[in-house]
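Shown below: input.pdb, with PDB, C-alpha atoms, pLDDT in the B column.
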ATOM      1  CA  MET A   1       0.000   0.000   0.000  1.00 49.00           C
ATOM      2  CA  THR A   2       1.349   3.379  -0.899  1.00 62.00           C
ATOM      3  CA  SER A   3       1.260   6.029   1.756  1.00 81.00           C
ATOM      4  CA  LEU A   4      -1.793   8.248   1.824  1.00 87.00           C
ATOM      5  CA  SER A   5      -1.907  11.976   2.448  1.00 89.00           C
ATOM      6  CA  PRO A   6      -4.775  14.300   3.303  1.00 91.00           C
ATOM      7  CA  GLY A   7      -6.736  15.096   0.156  1.00 93.00           C
ATOM      8  CA  ASP A   8      -5.966  11.821  -1.658  1.00 94.00           C
ATOM      9  CA  ARG A   9      -8.956  10.209  -3.384  1.00 96.00           C
ATOM     10  CA  VAL A  10      -9.572   6.674  -2.074  1.00 95.00           C
ATOM     11  CA  ARG A  11     -11.722   3.618  -2.648  1.00 93.00           C
ATOM     12  CA  TYR A  12     -13.082   2.034   0.544  1.00 91.00           C
ATOM     13  CA  GLU A  13     -14.015  -1.644   0.357  1.00 85.00           C
ATOM     14  CA  ALA A  14     -15.901  -3.198   3.248  1.00 82.00           C
ATOM     15  CA  THR A  15     -18.788  -5.466   4.159  1.00 85.00           C
ATOM     16  CA  GLY A  16     -22.153  -3.843   4.821  1.00 84.00           C
ATOM     17  CA  ASP A  17     -24.471  -4.607   7.730  1.00 89.00           C
ATOM     18  CA  ASP A  18     -26.349  -7.006   5.436  1.00 92.00           C
ATOM     19  CA  GLY A  19     -23.172  -9.030   4.763  1.00 86.00           C
ATOM     20  CA  PHE A  20     -22.808  -7.850   1.169  1.00 83.00           C
ATOM     21  CA  PRO A  21     -19.645  -6.108  -0.051  1.00 81.00           C
ATOM     22  CA  ILE A  22     -19.819  -2.345  -0.451  1.00 86.00           C
ATOM     23  CA  VAL A  23     -17.538   0.094  -2.236  1.00 90.00           C
ATOM     24  CA  ARG A  24     -17.472   3.762  -1.299  1.00 91.00           C
ATOM     25  CA  TYR A  25     -15.325   6.662  -2.424  1.00 95.00           C
ATOM     26  CA  GLY A  26     -14.005   9.645  -0.553  1.00 95.00           C
ATOM     27  CA  PHE A  27     -11.028  11.780   0.349  1.00 95.00           C
ATOM     28  CA  VAL A  28      -8.431  11.245   3.055  1.00 94.00           C
ATOM     29  CA  GLY A  29      -9.075  13.724   5.852  1.00 92.00           C
ATOM     30  CA  GLY A  30      -6.180  12.679   8.041  1.00 86.00           C
ATOM     31  CA  VAL A  31      -3.756   9.843   8.743  1.00 84.00           C
ATOM     32  CA  ALA A  32      -2.909   8.757  12.291  1.00 78.00           C
ATOM     33  CA  GLY A  33       0.451   7.249  11.332  1.00 76.00           C
ATOM     34  CA  SER A  34       2.172   5.087   8.729  1.00 75.00           C
ATOM     35  CA  ASP A  35      -0.056   2.125   9.692  1.00 77.00           C
ATOM     36  CA  GLY A  36      -3.311   4.105   9.995  1.00 72.00           C
ATOM     37  CA  PRO A  37      -6.083   4.355  10.889  1.00 88.00           C
ATOM     38  CA  VAL A  38      -7.231   6.923   8.338  1.00 91.00           C
ATOM     39  CA  VAL A  39     -10.047   9.443   8.562  1.00 93.00           C
ATOM     40  CA  VAL A  40     -11.991   9.317   5.288  1.00 94.00           C
ATOM     41  CA  MET A  41     -14.526  11.906   4.206  1.00 95.00           C
ATOM     42  CA  LEU A  42     -16.888   9.636   2.276  1.00 92.00           C
ATOM     43  CA  ASP A  43     -18.867  11.047  -0.639  1.00 93.00           C
ATOM     44  CA  GLY A  44     -22.349  12.113   0.404  1.00 90.00           C
ATOM     45  CA  GLU A  45     -21.634  12.165   4.156  1.00 89.00           C
ATOM     46  CA  LEU A  46     -20.995  15.156   6.375  1.00 87.00           C
ATOM     47  CA  GLY A  47     -18.646  13.571   8.904  1.00 84.00           C
ATOM     48  CA  GLY A  48     -15.532  11.467   8.548  1.00 86.00           C
ATOM     49  CA  ASP A  49     -15.219   7.726   9.128  1.00 90.00           C
ATOM     50  CA  VAL A  50     -12.201   6.125  10.766  1.00 91.00           C
ATOM     51  CA  VAL A  51     -11.048   3.335   8.449  1.00 90.00           C
ATOM     52  CA  ASN A  52      -8.256   0.764   8.633  1.00 89.00           C
ATOM     53  CA  LEU A  53      -5.522   1.466   6.112  1.00 88.00           C
ATOM     54  CA  ASP A  54      -5.788  -2.035   4.586  1.00 87.00           C
ATOM     55  CA  GLU A  55      -9.406  -1.339   3.542  1.00 88.00           C
ATOM     56  CA  LEU A  56      -8.373   1.603   1.328  1.00 91.00           C
ATOM     57  CA  ARG A  57      -6.926   1.812  -2.151  1.00 91.00           C
ATOM     58  CA  PRO A  58      -5.917   4.959  -4.002  1.00 94.00           C
ATOM     59  CA  VAL A  59      -8.324   5.775  -6.833  1.00 95.00           C
ATOM     60  CA  ALA A  60      -6.732   5.116 -10.222  1.00 94.00           C
ATOM     61  CA  VAL A  61      -7.864   3.623 -13.513  1.00 96.00           C
ATOM     62  CA  THR A  62      -6.293   0.289 -12.514  1.00 94.00           C
ATOM     63  CA  THR A  63      -7.933   0.146  -9.063  1.00 92.00           C
ATOM     64  CA  ILE A  64     -11.526   0.375 -10.258  1.00 94.00           C
ATOM     65  CA  GLU A  65     -12.702  -3.227 -10.428  1.00 93.00           C
ATOM     66  CA  LEU A  66     -16.135  -4.788 -10.627  1.00 94.00           C
ATOM     67  CA  ALA A  67     -16.709  -8.325  -9.309  1.00 91.00           C
ATOM     68  CA  LEU A  68     -20.014  -9.530 -10.732  1.00 93.00           C
ATOM     69  CA  SER A  69     -21.778 -12.877 -10.300  1.00 91.00           C
ATOM     70  CA  GLY A  70     -22.801 -14.813 -13.377  1.00 91.00           C
ATOM     71  CA  ILE A  71     -20.601 -16.130 -16.157  1.00 86.00           C
ATOM     72  CA  ASP A  72     -23.411 -15.402 -18.599  1.00 89.00           C
ATOM     73  CA  LEU A  73     -22.149 -11.800 -18.396  1.00 90.00           C
ATOM     74  CA  VAL A  74     -19.230 -12.789 -20.603  1.00 87.00           C
ATOM     75  CA  ASP A  75     -20.713 -15.782 -22.412  1.00 84.00           C
ATOM     76  CA  ASN A  76     -23.564 -13.699 -23.848  1.00 85.00           C
ATOM     77  CA  PRO A  77     -22.258 -11.010 -26.276  1.00 83.00           C
ATOM     78  CA  GLU A  78     -25.142  -8.632 -25.479  1.00 84.00           C
ATOM     79  CA  TYR A  79     -24.452  -8.807 -21.742  1.00 88.00           C
ATOM     80  CA  ARG A  80     -20.717  -8.470 -22.371  1.00 87.00           C
ATOM     81  CA  CYS A  81     -21.309  -5.104 -24.077  1.00 85.00           C
ATOM     82  CA  GLY A  82     -23.073  -3.880 -20.928  1.00 92.00           C
ATOM     83  CA  LEU A  83     -19.984  -4.545 -18.803  1.00 94.00           C
ATOM     84  CA  LEU A  84     -18.246  -1.573 -20.425  1.00 94.00           C
ATOM     85  CA  GLU A  85     -21.086   0.750 -19.404  1.00 94.00           C
ATOM     86  CA  LEU A  86     -21.097  -0.622 -15.840  1.00 95.00           C
ATOM     87  CA  TRP A  87     -17.354  -0.061 -15.469  1.00 97.00           C
ATOM     88  CA  CYS A  88     -17.608   3.473 -16.926  1.00 96.00           C
ATOM     89  CA  ALA A  89     -20.372   4.312 -14.437  1.00 96.00           C
ATOM     90  CA  GLU A  90     -18.188   3.055 -11.570  1.00 96.00           C
ATOM     91  CA  ALA A  91     -15.213   5.083 -12.857  1.00 96.00           C
ATOM     92  CA  ASP A  92     -17.431   8.168 -12.984  1.00 96.00           C
ATOM     93  CA  THR A  93     -18.610   7.551  -9.411  1.00 95.00           C
ATOM     94  CA  ALA A  94     -14.961   7.213  -8.372  1.00 96.00           C
ATOM     95  CA  GLY A  95     -14.233  10.623  -9.883  1.00 94.00           C
ATOM     96  CA  LEU A  96     -11.913   9.446 -12.649  1.00 95.00           C
ATOM     97  CA  ASP A  97     -11.463  11.515 -15.782  1.00 93.00           C
ATOM     98  CA  ILE A  98     -11.416   9.129 -18.736  1.00 95.00           C
ATOM     99  CA  ASP A  99     -10.580  11.054 -21.907  1.00 95.00           C
ATOM    100  CA  ALA A 100     -11.589   8.446 -24.489  1.00 94.00           C
ATOM    101  CA  VAL A 101     -13.323   5.062 -24.543  1.00 94.00           C
ATOM    102  CA  MET A 102     -13.047   2.962 -27.693  1.00 94.00           C
ATOM    103  CA  PRO A 103     -15.163  -0.222 -27.512  1.00 92.00           C
ATOM    104  CA  VAL A 104     -13.548  -3.384 -28.864  1.00 86.00           C
ATOM    105  CA  HIS A 105     -16.680  -5.605 -28.799  1.00 70.00           C
ATOM    106  CA  GLY A 106     -15.434  -8.309 -26.469  1.00 57.00           C
ATOM    107  CA  GLU A 107     -12.594  -9.967 -28.319  1.00 64.00           C
ATOM    108  CA  CYS A 108     -11.628 -13.144 -26.450  1.00 72.00           C
ATOM    109  CA  ASP A 109      -8.003 -13.949 -25.747  1.00 67.00           C
ATOM    110  CA  CYS A 110      -6.466 -17.330 -26.532  1.00 58.00           C
ATOM    111  CA  SER A 111      -7.244 -18.793 -23.092  1.00 68.00           C
ATOM    112  CA  GLY A 112     -11.003 -18.260 -23.408  1.00 70.00           C
ATOM    113  CA  THR A 113     -11.104 -16.634 -19.960  1.00 83.00           C
ATOM    114  CA  ALA A 114     -10.615 -12.931 -20.766  1.00 89.00           C
ATOM    115  CA  TRP A 115     -12.413 -10.562 -23.124  1.00 90.00           C
ATOM    116  CA  VAL A 116     -11.140  -7.143 -24.169  1.00 91.00           C
ATOM    117  CA  LEU A 117     -14.043  -4.702 -23.855  1.00 93.00           C
ATOM    118  CA  ALA A 118     -12.403  -1.372 -24.692  1.00 93.00           C
ATOM    119  CA  GLU A 119      -9.291   0.704 -25.004  1.00 93.00           C
ATOM    120  CA  LEU A 120      -9.258   3.606 -22.552  1.00 95.00           C
ATOM    121  CA  HIS A 121      -7.236   6.799 -22.569  1.00 94.00           C
ATOM    122  CA  ALA A 122      -6.702   8.849 -19.430  1.00 93.00           C
ATOM    123  CA  GLY A 123      -4.170  11.629 -19.719  1.00 88.00           C
ATOM    124  CA  GLU A 124      -1.134  10.259 -21.554  1.00 88.00           C
ATOM    125  CA  TRP A 125      -1.868   6.665 -20.522  1.00 92.00           C
ATOM    126  CA  CYS A 126      -3.563   3.895 -22.500  1.00 94.00           C
ATOM    127  CA  TYR A 127      -5.391   0.963 -20.849  1.00 95.00           C
ATOM    128  CA  ALA A 128      -7.181  -2.219 -21.905  1.00 93.00           C
ATOM    129  CA  LEU A 129     -10.481  -2.821 -20.147  1.00 95.00           C
ATOM    130  CA  ARG A 130     -11.025  -6.562 -19.755  1.00 93.00           C
ATOM    131  CA  ALA A 131     -13.651  -8.913 -18.395  1.00 93.00           C
ATOM    132  CA  VAL A 132     -11.954 -11.913 -16.815  1.00 93.00           C
ATOM    133  CA  ARG A 133     -13.327 -15.214 -15.587  1.00 89.00           C
ATOM    134  CA  CYS A 134     -11.062 -16.366 -12.732  1.00 83.00           C
ATOM    135  CA  PRO A 135     -10.475 -20.097 -12.181  1.00 84.00           C
ATOM    136  CA  ASP A 136     -10.660 -19.771  -8.379  1.00 90.00           C
ATOM    137  CA  GLU A 137     -14.025 -17.946  -8.636  1.00 89.00           C
ATOM    138  CA  PRO A 138     -15.978 -19.967 -11.234  1.00 86.00           C
ATOM    139  CA  ASP A 139     -19.147 -17.841 -11.161  1.00 91.00           C
ATOM    140  CA  VAL A 140     -17.484 -14.405 -10.866  1.00 93.00           C
ATOM    141  CA  VAL A 141     -16.556 -12.044 -13.674  1.00 94.00           C
ATOM    142  CA  ARG A 142     -14.019  -9.319 -12.846  1.00 95.00           C
ATOM    143  CA  VAL A 143     -13.924  -6.170 -14.964  1.00 96.00           C
ATOM    144  CA  ARG A 144     -10.781  -4.093 -14.667  1.00 96.00           C
ATOM    145  CA  ALA A 145      -8.350  -1.976 -16.660  1.00 96.00           C
ATOM    146  CA  ASP A 146      -4.685  -2.759 -17.139  1.00 94.00           C
ATOM    147  CA  LEU A 147      -1.999  -0.448 -18.446  1.00 94.00           C
ATOM    148  CA  LEU A 148      -1.382  -1.121 -22.130  1.00 88.00           C
ATOM    149  CA  ALA A 149       1.589   1.093 -22.763  1.00 68.00           C
ATOM    150  CA  PRO A 150       3.348   3.831 -20.853  1.00 65.00           C
ATOM    151  CA  PRO A 151       3.563   7.219 -22.529  1.00 59.00           C
ATOM    152  CA  SER A 152       6.624   7.711 -24.709  1.00 55.00           C
ATOM    153  CA  TRP A 153       8.016  10.823 -23.036  1.00 48.00           C
TER     154      TRP A 153
END

Turn the structure described in the file into structure tokens.
Amino acid sequence: MTSLSPGDRVRYEATGDDGFPIVRYGFVGGVAGSDGPVVVMLDGELGGDVVNLDELRPVAVTTIELALSGIDLVDNPEYRCGLLELWCAEADTAGLDIDAVMPVHGECDCSGTAWVLAELHAGEWCYALRAVRCPDEPDVVRVRADLLAPPSW
């Protein structure tokens, strides 16, 4: 985990009172030390929450990930197209500025477990947005972006 400073945008992953996972976004209000805890000003709330450092991730294109139940989301081409829109909505909620989204229409890789959904551009960086079926989670589809190429500066 990289160190966090006041003002950093973060993603907070936890389990809700109902037992389901929740993802919230906010800004670091203060850090109690190198091991936390961290005060997070969550979006839509007036006060700050004290959060363990290991429950936070800095917001970046590569840290926005959806974990969705149902392999039909990738097996069905119509559903697969919707994964791009879901990820873009999550990125917008996170406060990311994506400059360009170029859909690729779900091209499958050689392994049959990953589908390229789009090429993304944010600043000078280029990413591939993929839907991946993980062997250790047979009914879960993960949608995330990976860096394609660093800028050539």

Please build the interface table for region 75-132 of chain A against region 136-147 of chain A with a cut-off of 8 Å, listing for each qualifying residue the nearest atom pair and the distance in Å to one decimal; count only C-alpha atoms, order rows by chain and increasing number, and write it as a Markdown table.
| residue | atom | partner | partner_atom | distance |
| --- | --- | --- | --- | --- |
| A:Leu83 | CA | A:Val143 | CA | 7.4 |
| A:Trp87 | CA | A:Val143 | CA | 7.0 |
| A:Trp125 | CA | A:Leu147 | CA | 7.4 |
| A:Cys126 | CA | A:Leu147 | CA | 6.1 |
| A:Tyr127 | CA | A:Leu147 | CA | 4.4 |
| A:Ala128 | CA | A:Ala145 | CA | 5.4 |
| A:Leu129 | CA | A:Ala145 | CA | 4.2 |
| A:Arg130 | CA | A:Val143 | CA | 5.6 |
| A:Ala131 | CA | A:Val143 | CA | 4.4 |
| A:Val132 | CA | A:Arg142 | CA | 5.2 |

Spell out the residues picked by the PyMOL selection byres ((chain A and resi 4) around 8) here, as a list in words.
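On this input, the PyMOL selection byres ((chain A and resi 4) around 8) captures Thr2, Ser3, Ser5, Pro6, Asp8, Val28, Val31 and Pro58 of chain A.
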
I'd like to see the residues matched by the PyMOL selection byres ((chain A and resi 36-51) around 10) on this file, and ideally I'd get them as a PyMOL selection string.
chain A and resi 3-14+24-35+52-56+93-94

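Straight-line separation from CA of Arg133 (chain A) to CA of Ala114 (chain A): 6.3 Å.
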
Could you jot down the CA of Val61 (chain A) to CA of Cys81 (chain A) separation for me, Å, one decimal place?
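For CA of Val61 (chain A) relative to CA of Cys81 (chain A), the distance reads 19.2 Å.
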
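With distances restricted to all atoms listed in the file, A:Val101 is the closest residue to Ala118 (chain A) from A:Leu68, A:Cys134, A:Ala60, A:Val101.
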
Please compute the CA of Ile64 (chain A)-CA of Leu96 (chain A) distance, one decimal, in Å.
9.4 Å

The centre and edge lengths of an axis-aligned box containing all atoms of region 138-146 of chain A present in the file, extended by 5 Å on each side, are to be given in Å to one decimal, as lines of an AutoDock Vina configuration file.
center_x = -11.9
center_y = -11.0
center_z = -14.0
size_x = 24.5
size_y = 28.0
size_z = 16.3

Evaluate the PyMOL selection byres ((chain A and resi 102-104) around 8) and report residues as a list of chain:residue names:
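In the shown coordinates, the PyMOL selection byres ((chain A and resi 102-104) around 8) covers A:Leu84, A:Ala100, A:Val101, A:His105, A:Gly106, A:Glu107, A:Val116, A:Leu117, A:Ala118, A:Glu119, A:Leu120.
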
Any chance you could export the current selection's C-alpha atoms as a PDB file, keeping the file's coordinate frame?
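The file below, part.pdb, is the result:
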ATOM      1  CA  LEU A  84     -18.246  -1.573 -20.425  1.00 94.00           C
ATOM      2  CA  ALA A 100     -11.589   8.446 -24.489  1.00 94.00           C
ATOM      3  CA  VAL A 101     -13.323   5.062 -24.543  1.00 94.00           C
ATOM      4  CA  HIS A 105     -16.680  -5.605 -28.799  1.00 70.00           C
ATOM      5  CA  GLY A 106     -15.434  -8.309 -26.469  1.00 57.00           C
ATOM      6  CA  GLU A 107     -12.594  -9.967 -28.319  1.00 64.00           C
ATOM      7  CA  VAL A 116     -11.140  -7.143 -24.169  1.00 91.00           C
ATOM      8  CA  LEU A 117     -14.043  -4.702 -23.855  1.00 93.00           C
ATOM      9  CA  ALA A 118     -12.403  -1.372 -24.692  1.00 93.00           C
ATOM     10  CA  GLU A 119      -9.291   0.704 -25.004  1.00 93.00           C
ATOM     11  CA  LEU A 120      -9.258   3.606 -22.552  1.00 95.00           C
TER      12      LEU A 120
END

When distances are computed from all atoms listed in the file, which of A:Ile22, A:Ile71, A:Glu124, A:Glu65 shows the smallest separation from Cys88 (chain A)?
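Of A:Ile22, A:Ile71, A:Glu124, A:Glu65, the one nearest Cys88 (chain A), counting all atoms listed in the file, is A:Glu65.
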
A:Trp115, A:Gly16, A:Val23, A:Thr63 ranked by distance to Asn76 (chain A), top pick (using all atoms listed in the file):
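Ranking A:Trp115, A:Gly16, A:Val23, A:Thr63 by distance to Asn76 (chain A), first place goes to A:Trp115.
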